[in-house]
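Asks: Next comes the structure file data_20.cif, holding mmCIF, C-alpha atoms.
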data_coords
#
loop_
_atom_site.label_atom_id
_atom_site.label_comp_id
_atom_site.auth_asym_id
_atom_site.auth_seq_id
_atom_site.Cartn_x
_atom_site.Cartn_y
_atom_site.Cartn_z
CA MET A 823 -30.85 13.71 17.82
CA PHE A 824 -31.51 11.52 14.87
CA LYS A 825 -34.91 9.87 15.09
CA HIS A 826 -34.45 7.33 12.41
CA ALA A 827 -31.17 6.16 11.07
CA PHE A 828 -31.30 5.69 7.35
CA LYS A 829 -29.92 2.29 6.61
CA LEU A 830 -28.12 1.84 3.39
CA ASN A 831 -28.89 -1.52 1.95
CA PHE A 832 -26.69 -2.27 -0.93
CA LYS A 833 -29.59 -3.80 -2.79
CA ASN A 834 -31.24 -0.38 -2.93
CA ILE A 835 -28.43 1.06 -4.95
CA ARG A 836 -29.69 1.83 -8.41
CA MET A 837 -26.75 0.03 -10.00
CA LYS A 838 -27.31 -3.65 -10.64
CA ARG A 839 -24.58 -6.04 -9.62
CA PRO A 840 -22.63 -6.86 -12.75
CA ASP A 841 -22.52 -10.53 -13.46
CA GLU A 842 -18.83 -10.31 -14.07
CA LEU A 843 -18.21 -9.09 -10.52
CA ARG A 844 -20.31 -11.88 -9.08
CA LYS A 845 -18.42 -14.43 -11.09
CA GLU A 846 -15.11 -12.86 -10.10
CA LEU A 847 -15.97 -13.04 -6.40
CA GLU A 848 -17.23 -16.59 -6.73
CA ASP A 849 -13.85 -17.54 -8.08
CA LEU A 850 -11.78 -15.48 -5.67
CA SER A 851 -13.71 -15.40 -2.43
CA PRO A 852 -17.19 -16.83 -1.85
CA ARG A 853 -16.94 -15.38 1.65
CA LEU A 854 -16.73 -11.84 0.31
CA LEU A 855 -19.61 -12.51 -2.09
CA LYS A 856 -21.74 -13.63 0.83
CA LEU A 857 -20.78 -10.62 2.95
CA LYS A 858 -21.69 -8.36 0.05
CA GLU A 859 -25.16 -9.86 0.00
CA GLN A 860 -25.62 -8.88 3.64
CA GLY A 861 -24.84 -5.22 3.10
CA GLU A 862 -22.09 -2.92 4.31
CA GLY A 863 -23.36 -2.20 7.82
CA PHE A 864 -22.88 1.56 7.50
CA ASN A 865 -25.76 3.96 8.26
CA ILE A 866 -26.24 7.70 8.06
CA PRO A 867 -28.49 10.07 10.00
CA ALA A 868 -31.90 10.86 8.56
CA ASN A 869 -31.91 13.84 6.16
CA TYR A 870 -28.15 13.89 6.31
CA PHE A 871 -27.60 14.96 2.73
CA GLN A 872 -30.04 17.88 3.02
CA ARG A 873 -28.17 19.12 6.05
CA LEU A 874 -24.85 18.48 4.33
CA GLN A 875 -25.72 20.95 1.57
CA LYS A 876 -26.74 23.58 4.08
CA GLU A 877 -23.60 23.14 6.19
CA VAL A 878 -21.26 23.17 3.21
CA LEU A 879 -22.82 26.38 1.87
CA GLU A 880 -22.49 27.99 5.28
CA LYS A 881 -18.83 27.00 5.36
CA VAL A 882 -18.31 28.35 1.85
CA GLN A 883 -19.91 31.67 2.78
CA ALA A 884 -17.79 31.84 5.93
CA THR A 885 -14.58 31.27 3.95
CA GLU A 886 -15.62 33.73 1.24
CA ASN A 887 -15.77 36.48 3.88
CA VAL A 888 -12.22 35.82 4.93
CA PRO A 889 -9.80 37.79 2.75
CA THR A 890 -7.37 35.53 1.06
CA SER A 891 -3.98 36.58 -0.22
CA THR A 892 -3.46 36.41 -3.91
CA PRO A 893 -1.08 33.59 -4.52
CA VAL A 894 2.17 34.96 -5.78
CA PRO A 895 3.56 32.92 -8.60
CA PRO A 896 6.92 31.60 -7.65
CA GLY A 897 9.79 33.63 -9.01
CA PRO A 898 12.75 32.21 -10.82
CA SER A 899 14.95 29.92 -8.77
CA TRP A 900 18.39 31.06 -7.64
CA LEU A 901 19.94 28.89 -10.36
CA ASP A 902 17.87 30.55 -13.06
CA GLN A 903 18.79 33.95 -11.68
CA LEU A 904 22.47 33.02 -11.74
CA LYS A 905 22.18 31.84 -15.33
CA GLU A 906 20.53 35.10 -16.30
CA GLN A 907 23.33 37.05 -14.65
CA MET A 908 26.00 34.97 -16.36
CA GLN A 909 24.35 35.38 -19.74
CA PHE A 910 24.15 39.12 -19.16
CA LEU A 911 27.77 39.42 -18.09
CA LEU A 912 29.08 37.27 -20.92
CA GLN A 913 27.85 39.76 -23.51
CA PRO A 914 30.93 41.12 -25.37
CA ARG A 915 30.97 44.66 -24.00
CA TRP A 916 30.34 43.50 -20.45
CA ALA A 917 32.88 40.72 -20.75
CA LEU A 918 35.48 43.25 -21.86
CA SER A 919 34.66 45.53 -18.94
CA LEU A 920 34.93 42.64 -16.52
CA ALA A 921 38.29 41.63 -17.95
CA SER A 922 39.57 45.19 -17.55
CA VAL A 923 38.44 45.31 -13.95
CA ALA A 924 40.05 41.94 -13.23
CA LEU A 925 43.32 43.15 -14.74
CA LEU A 926 43.30 46.30 -12.65
CA ILE A 927 42.65 44.33 -9.49
CA THR A 928 45.54 42.00 -10.28
CA LEU A 929 47.90 44.88 -10.93
CA GLY A 930 46.78 46.55 -7.74
CA ILE A 931 47.44 43.48 -5.64
CA THR A 932 50.86 43.06 -7.22
CA TRP A 933 51.79 46.68 -6.55
CA LEU A 934 50.68 46.47 -2.93
CA TYR A 935 52.70 43.32 -2.40
CA GLN A 936 55.78 44.96 -3.76
CA GLN A 937 55.19 47.97 -1.60
CA ASN A 938 54.98 45.72 1.41
CA GLN A 939 58.29 44.12 0.55
CA VAL A 940 59.89 47.54 0.19
CA THR A 941 58.47 48.60 3.49
CA THR A 942 59.80 45.51 5.18
CA GLY A 943 63.19 46.14 3.69
CA ARG A 944 63.07 49.73 4.85
CA VAL A 945 62.21 48.63 8.33
CA GLY A 946 65.16 46.31 8.38
CA THR A 947 67.37 49.09 7.10
CA GLU A 948 66.10 51.50 9.71
CA LEU A 949 66.65 48.99 12.49
CA ALA A 950 70.18 48.46 11.39
CA LYS A 951 70.84 52.13 12.02
CA LEU A 952 69.97 51.84 15.70
CA ASP A 953 72.87 51.46 18.11
CA GLN A 954 73.20 48.56 20.43
CA GLN A 955 72.48 50.67 23.49
CA THR A 956 69.11 51.66 22.11
CA LEU A 957 68.32 48.08 21.19
CA ASP A 958 69.22 46.81 24.62
CA ALA A 959 67.06 49.43 26.29
CA TYR A 960 64.14 48.43 24.14
CA ILE A 961 64.60 44.75 24.94
CA GLN A 962 64.82 45.46 28.66
CA ASP A 963 61.66 47.54 28.59
CA ASN A 964 59.85 44.83 26.73
CA LEU A 965 61.45 41.79 28.27
CA HIS A 966 58.14 40.03 28.69
CA GLU A 967 57.63 40.10 24.92
CA PHE A 968 60.58 37.90 24.17
CA ASP A 969 60.77 34.17 24.70
CA THR A 970 63.65 32.49 26.46
CA GLU A 971 65.28 31.21 23.30
CA THR A 972 65.51 34.65 21.82
CA LEU A 973 66.99 36.04 25.00
CA MET A 974 69.56 33.27 25.16
CA GLU A 975 70.47 33.96 21.58
CA PHE A 976 71.17 37.58 22.45
CA ALA A 977 72.97 36.58 25.61
CA SER A 978 75.30 34.29 23.75
CA ASN A 979 76.00 36.82 21.08
CA GLN A 980 79.64 37.77 21.78
CA ASP A 981 79.52 40.69 19.41
CA HIS A 982 76.58 42.33 21.07
CA PRO A 983 76.09 40.81 24.49
CA LEU A 984 72.71 41.51 25.99
CA GLN A 985 73.05 44.05 28.72
CA LEU A 986 70.27 43.80 31.23
CA ASN A 987 69.85 46.37 33.91
CA PHE A 988 68.68 44.26 36.83
CA ASP A 989 68.32 47.30 39.02
CA GLU A 990 65.11 48.17 37.31
CA LEU A 991 63.58 44.74 37.68
CA GLN A 992 61.56 43.58 40.65
CA PRO A 993 63.01 40.63 42.59
CA GLU A 994 60.28 38.29 41.51
CA GLU A 995 60.85 39.31 37.92
CA ILE A 996 64.56 38.54 38.26
CA ASP A 997 63.78 35.15 39.76
CA GLN A 998 61.35 34.36 37.03
CA TYR A 999 63.87 35.41 34.41
CA PHE A 1000 66.58 33.13 35.76
CA ASP A 1001 64.16 30.27 36.34
CA GLU A 1002 63.11 30.37 32.75
CA LEU A 1003 66.72 30.52 31.61
CA ILE A 1004 67.76 27.58 33.74
CA GLN A 1005 64.84 25.46 32.58
CA ASP A 1006 65.87 25.92 29.00
CA LEU A 1007 69.53 25.19 29.51
CA ASP A 1008 70.97 21.77 28.83
CA ASP A 1009 73.80 20.19 30.89
CA GLU A 1010 76.57 21.19 28.58
CA THR A 1011 75.56 24.80 28.54
CA ILE A 1012 75.33 24.85 32.31
CA LYS A 1013 78.86 23.39 32.50
CA GLU A 1014 80.10 26.21 30.29
CA PHE A 1015 78.69 28.77 32.72
CA LEU A 1016 80.24 27.09 35.75
CA MET B 314 -24.13 8.89 -20.47
CA PRO B 315 -25.44 11.87 -22.52
CA GLN B 316 -27.80 13.04 -19.77
CA ALA B 317 -25.01 13.28 -17.21
CA LYS B 318 -22.83 15.17 -19.69
CA THR B 319 -25.54 17.74 -20.27
CA SER B 320 -26.08 17.96 -16.56
CA ASP B 321 -22.38 18.63 -15.98
CA GLU B 322 -22.38 21.38 -18.58
CA GLN B 323 -25.47 22.89 -17.05
CA ILE B 324 -23.94 22.77 -13.58
CA LEU B 325 -20.70 24.32 -14.73
CA GLY B 326 -22.52 27.02 -16.64
CA LEU B 327 -24.48 27.97 -13.56
CA MET B 328 -21.43 27.89 -11.30
CA ARG B 329 -19.40 30.13 -13.59
CA ASN B 330 -22.00 32.85 -13.30
CA PRO B 331 -21.73 34.61 -9.91
CA LYS B 332 -25.49 35.18 -9.88
CA THR B 333 -26.27 31.48 -10.22
CA LEU B 334 -23.23 30.10 -8.46
CA GLU B 335 -25.09 28.83 -5.42
CA LYS B 336 -27.84 27.28 -7.50
CA GLY B 337 -25.25 25.49 -9.59
CA PHE B 338 -23.43 24.26 -6.53
CA ARG B 339 -26.66 22.86 -5.08
CA LEU B 340 -27.29 20.99 -8.31
CA LEU B 341 -23.74 19.67 -8.23
CA MET B 342 -24.20 18.37 -4.70
CA ASP B 343 -27.58 16.86 -5.58
CA ALA B 344 -25.91 14.96 -8.40
CA TYR B 345 -22.82 13.69 -6.65
CA GLN B 346 -22.74 14.20 -2.90
CA ASP B 347 -24.07 10.79 -1.86
CA ARG B 348 -21.72 8.90 -4.13
CA LEU B 349 -18.80 11.01 -2.95
CA TYR B 350 -19.81 10.64 0.68
CA TRP B 351 -19.82 6.85 0.49
CA GLN B 352 -16.40 6.85 -1.12
CA VAL B 353 -15.14 8.74 1.90
CA ARG B 354 -17.12 6.73 4.42
CA ARG B 355 -15.74 3.44 3.20
CA LEU B 356 -12.21 4.81 3.59
CA VAL B 357 -12.53 6.41 7.00
CA THR B 358 -15.41 4.16 8.34
CA ASP B 359 -16.68 6.65 10.94
CA HIS B 360 -19.64 8.88 9.97
CA GLU B 361 -18.47 11.99 11.84
CA ASP B 362 -15.02 11.73 10.29
CA ALA B 363 -16.56 11.18 6.86
CA ASN B 364 -18.77 14.22 7.39
CA ASP B 365 -15.78 16.42 8.22
CA VAL B 366 -13.79 15.14 5.26
CA ILE B 367 -16.59 15.50 2.72
CA GLN B 368 -17.43 19.00 3.87
CA ASN B 369 -13.81 20.16 3.59
CA ALA B 370 -13.53 18.53 0.19
CA LEU B 371 -16.75 20.12 -1.12
CA VAL B 372 -15.57 23.54 0.03
CA LYS B 373 -12.42 22.96 -2.02
CA VAL B 374 -14.54 21.95 -4.99
CA PHE B 375 -16.49 25.19 -4.69
CA ARG B 376 -13.40 27.35 -4.40
CA ASN B 377 -11.58 25.68 -7.28
CA ILE B 378 -14.42 25.10 -9.74
CA GLU B 379 -13.03 27.76 -12.08
CA GLN B 380 -9.82 25.76 -12.40
CA PHE B 381 -11.70 22.71 -13.67
CA GLU B 382 -10.58 22.32 -17.26
CA ALA B 383 -13.02 19.58 -18.36
CA LYS B 384 -10.17 17.32 -19.48
CA SER B 385 -11.74 14.72 -17.27
CA GLY B 386 -15.33 14.37 -16.18
CA LEU B 387 -16.65 16.55 -13.39
CA TYR B 388 -17.17 13.53 -11.14
CA THR B 389 -13.63 12.29 -11.80
CA TRP B 390 -12.23 15.68 -10.83
CA MET B 391 -14.29 15.85 -7.65
CA TYR B 392 -13.55 12.23 -6.81
CA ARG B 393 -9.83 12.98 -6.79
CA ILE B 394 -10.29 15.97 -4.49
CA VAL B 395 -12.48 14.01 -2.11
CA THR B 396 -10.27 10.92 -2.05
CA ASN B 397 -7.09 12.92 -1.51
CA GLU B 398 -8.77 14.66 1.39
CA ALA B 399 -9.76 11.28 2.87
CA ILE B 400 -6.31 9.77 2.44
CA THR B 401 -4.73 12.83 4.03
CA PHE B 402 -7.11 12.42 6.94
CA LEU B 403 -6.19 8.74 7.30
CA LYS B 404 -2.48 9.54 7.32
CA GLN B 405 -3.01 12.17 9.99
CA ARG B 406 -5.03 9.72 12.03
CA LYS B 407 -2.33 7.07 11.76
CA ARG B 408 0.33 9.59 12.80
CA ARG B 409 -1.74 10.73 15.77
CA SER B 410 -2.49 7.22 17.02
CA ALA B 411 0.94 5.66 16.45
CA THR B 412 -0.38 2.29 17.59
CA SER B 413 0.54 -1.22 16.58
CA ILE B 414 -1.48 -3.08 13.98
CA ASP B 415 -3.12 -5.23 16.66
CA ASP B 416 -4.07 -2.18 18.69
CA ALA B 417 -5.41 -0.44 15.58
CA ASN B 418 -7.62 -3.44 14.85
CA ILE B 419 -8.91 -3.50 18.40
CA ASN B 420 -9.55 0.22 18.29
CA LEU B 421 -11.46 -0.09 15.03
CA ALA B 422 -13.57 -2.96 16.35
CA ASN B 423 -14.39 -0.97 19.49
CA ARG B 424 -15.18 2.11 17.45
CA LEU B 425 -17.52 0.27 15.11
CA GLN B 426 -19.29 -1.53 17.92
CA ALA B 427 -19.86 1.77 19.68
CA ASP B 428 -20.82 3.58 16.47
CA SER B 429 -24.57 4.23 16.29
CA PHE B 430 -24.23 4.50 12.53
CA PHE B 431 -22.86 0.98 12.10
CA ASP B 432 -24.98 -2.10 12.58
CA GLY B 433 -22.87 -4.72 10.89
CA ASP B 434 -22.25 -8.06 12.53
CA GLU B 435 -18.97 -9.59 13.64
CA ALA B 436 -18.09 -10.64 10.12
CA GLN B 437 -18.61 -7.11 8.83
CA ILE B 438 -16.35 -5.79 11.60
CA ARG B 439 -13.72 -8.36 10.64
CA LEU B 440 -13.98 -7.25 7.02
CA GLN B 441 -13.40 -3.62 8.02
CA GLN B 442 -10.41 -4.69 10.10
CA ALA B 443 -9.01 -6.54 7.11
CA LEU B 444 -9.56 -3.55 4.83
CA GLN B 445 -7.92 -1.25 7.35
CA MET B 446 -4.68 -3.15 6.85
CA LEU B 447 -4.63 -2.53 3.11
CA PRO B 448 -2.55 0.33 1.68
CA ASP B 449 -4.77 3.35 1.11
CA ARG B 450 -4.70 3.18 -2.68
CA GLN B 451 -5.35 -0.57 -2.72
CA LYS B 452 -8.28 -0.04 -0.39
CA GLU B 453 -9.54 2.60 -2.78
CA VAL B 454 -9.45 0.13 -5.70
CA PHE B 455 -11.15 -2.52 -3.60
CA ASN B 456 -13.94 -0.15 -2.61
CA LEU B 457 -14.57 0.96 -6.18
CA ARG B 458 -14.77 -2.61 -7.46
CA TYR B 459 -16.38 -4.38 -4.52
CA TYR B 460 -18.79 -1.75 -3.18
CA GLU B 461 -19.30 0.60 -6.13
CA GLU B 462 -19.31 -2.33 -8.59
CA MET B 463 -17.50 -0.24 -11.14
CA SER B 464 -16.03 -2.01 -14.13
CA TYR B 465 -12.27 -2.12 -14.42
CA GLU B 466 -12.50 0.10 -17.48
CA ASP B 467 -14.38 2.80 -15.57
CA ILE B 468 -11.99 2.54 -12.63
CA SER B 469 -9.10 2.83 -15.06
CA LYS B 470 -10.50 6.11 -16.42
CA LEU B 471 -11.16 7.37 -12.93
CA LEU B 472 -7.77 6.58 -11.46
CA ASN B 473 -5.69 6.68 -14.62
CA ILE B 474 -4.32 3.22 -13.88
CA SER B 475 -4.19 0.35 -16.36
CA VAL B 476 -6.88 -2.33 -16.24
CA GLY B 477 -4.26 -5.00 -15.69
CA SER B 478 -2.82 -3.20 -12.66
CA LEU B 479 -6.27 -2.72 -11.25
CA LYS B 480 -7.15 -6.41 -11.59
CA ALA B 481 -3.90 -7.37 -9.92
CA SER B 482 -4.49 -4.87 -7.12
CA PHE B 483 -8.04 -6.05 -6.49
CA HIS B 484 -7.13 -9.73 -6.55
CA HIS B 485 -4.24 -9.07 -4.18
CA ALA B 486 -6.54 -7.18 -1.83
CA VAL B 487 -9.06 -10.04 -1.86
CA LYS B 488 -6.30 -12.49 -1.08
CA LYS B 489 -5.15 -10.39 1.88
CA VAL B 490 -8.70 -10.19 3.21
CA GLU B 491 -9.05 -13.97 2.95
CA GLN B 492 -5.76 -14.47 4.78
CA PHE B 493 -6.95 -12.15 7.53
CA PHE B 494 -10.15 -14.16 7.98
CA ALA B 495 -8.19 -17.40 7.98
CA ALA B 496 -5.73 -16.22 10.63
#
Render the structure in this file as structure tokens.
Replies:
Amino acid sequence: MFKHAFKLNFKNIRMKRPDELRKELEDLSPRLLKLKEQGEGFNIPANYFQRLQKEVLEKVQATENVPTSTPVPPGPSWLDQLKEQMQFLLQPRWALSLASVALLITLGITWLYQQNQVTTGRVGTELAKLDQQTLDAYIQDNLHEFDTETLMEFASNQDHPLQLNFDELQPEEIDQYFDELIQDLDDETIKEFL
Amino acid sequence: MPQAKTSDEQILGLMRNPKTLEKGFRLLMDAYQDRLYWQVRRLVTDHEDANDVIQNALVKVFRNIEQFEAKSGLYTWMYRIVTNEAITFLKQRKRRSATSIDDANINLANRLQADSFFDGDEAQIRLQQALQMLPDRQKEVFNLRYYEEMSYEDISKLLNISVGSLKASFHHAVKKVEQFFAA
């Protein structure tokens, strides 16, 4: 493809070798000075630089035809945006508005908490009005919701002994109930039952 | 040099006019392309690689000529674009090859021996192997002093590095090359 390789001989370079460089290499490395005399060893194809101009211009024209997006200057960072917001909010009238809103929110939370306490108290009051029979029926219907300890607590309550209607339970449910009770009983409690 | 300064102004004037942009760019390449090419070639060694790098760099020069602020010389500005492109290429090549230093030296020797655009002898191949082991920036300083024969003052203006640092860098590079030959 290339008929004649153009050989670059360092001696053909229009710059003359500065004496100071020669002296420097003589002091540092005579080997490198000698190698420099022999040339670099690199060649280029004939008429390379003429073709280089042509190829670069073709590339430039090819890239010029491709639409490029206008670079968008970077916007402010999130920190700068936060600072701007803070500066805006700390203006007197906005600061006052913010303080008012914060106060209202605090009062609202306090009121809701108190309401919750009242409600809880009301619930307790309402429960207290229920008779034992109603309570027992509820427990029996929702036996599976209560753990063994709670049931034992009811069972041992002499004032309001837990009345379970075993007729409505399936045999396996009865067995499971007693198994759970027995597992939780210690020796002394078992002795009391015997 | 006053003539070069005028030439740079003329080139820039032509390139800033859309009607004479191409003419200006041709003049710019006439003035600097060979010098820039050899800077790249000495860094990447292979002609085809150097051709790719210089073409990409010159396209960047063309597209960004309006951003040139004349704080530095036109050649200095282009030199930086071209050298950065070459160093980026070298880093990509190193990442792709991921070989040991010994393997890299063998690969380079094989590549140069097979390269139709390299006719150096064994000693020249050894020199290229030694230079390949230098850090990219140190190799750049070496090339500018050893091959381009630039004075330390001119290199200092080009690279914006102190003369003292440049002398130390070049002397260190020479020492490393000598050690490589002695090994």
Asks: Enumerate, in order of chain and increasing residue number, the residues of chain B with an atom no farther than 6 Å from chain A, each with its shortest atom pair and distance in Å to one decimal, counting all atoms listed in the file, as JSON lines.
Replies:
{"residue": "B:Gln368", "atom": "CA", "partner": "A:Val878", "partner_atom": "CA", "distance": 5.7}
{"residue": "B:Val372", "atom": "CA", "partner": "A:Val882", "partner_atom": "CA", "distance": 5.8}
{"residue": "B:Phe430", "atom": "CA", "partner": "A:Asn865", "partner_atom": "CA", "distance": 4.6}
{"residue": "B:Phe431", "atom": "CA", "partner": "A:Phe864", "partner_atom": "CA", "distance": 4.6}
{"residue": "B:Asp432", "atom": "CA", "partner": "A:Gly863", "partner_atom": "CA", "distance": 5.0}
{"residue": "B:Gly433", "atom": "CA", "partner": "A:Gly863", "partner_atom": "CA", "distance": 4.0}
Asks: Written as a PyMOL selection string, what is the full residue list that the PyMOL selection byres ((chain B and resi 367) around 8) yields on the file shown?
Replies: chain B and resi 349-350+353+363-366+368-371+395+398
Asks: Name the residues that the PyMOL selection byres ((chain B and resi 465) around 9) picks from the file above, as an MDAnalysis selection string, using the file's chain letters and numbers.
Replies: chainID B and resid 458 463:464 466:470 475:477 479:480
Asks: Would you kindly translate the PyMOL selection byres ((chain B and resi 420-426) around 10) into the concrete residues it picks from this file, as a short mmCIF file (atom, residue, chain, number, x, y, z; two decimals) with C-alpha atoms, in the frame of the given file?
Replies:
data_model
loop_
_atom_site.label_atom_id
_atom_site.label_comp_id
_atom_site.auth_asym_id
_atom_site.auth_seq_id
_atom_site.Cartn_x
_atom_site.Cartn_y
_atom_site.Cartn_z
CA GLY A 863 -23.36 -2.20 7.82
CA PHE A 864 -22.88 1.56 7.50
CA THR B 358 -15.41 4.16 8.34
CA ASP B 359 -16.68 6.65 10.94
CA THR B 412 -0.38 2.29 17.59
CA ILE B 414 -1.48 -3.08 13.98
CA ASP B 415 -3.12 -5.23 16.66
CA ASP B 416 -4.07 -2.18 18.69
CA ALA B 417 -5.41 -0.44 15.58
CA ASN B 418 -7.62 -3.44 14.85
CA ILE B 419 -8.91 -3.50 18.40
CA ALA B 427 -19.86 1.77 19.68
CA ASP B 428 -20.82 3.58 16.47
CA SER B 429 -24.57 4.23 16.29
CA PHE B 430 -24.23 4.50 12.53
CA PHE B 431 -22.86 0.98 12.10
CA ASP B 432 -24.98 -2.10 12.58
CA GLY B 433 -22.87 -4.72 10.89
CA ASP B 434 -22.25 -8.06 12.53
CA GLU B 435 -18.97 -9.59 13.64
CA GLN B 437 -18.61 -7.11 8.83
CA ILE B 438 -16.35 -5.79 11.60
CA ARG B 439 -13.72 -8.36 10.64
CA GLN B 441 -13.40 -3.62 8.02
CA GLN B 442 -10.41 -4.69 10.10
CA GLN B 445 -7.92 -1.25 7.35
#
Asks: Any idea what the distance is between CA of Arg409 in chain B and CA of Leu440 in chain B?
Replies: 23.4 Å
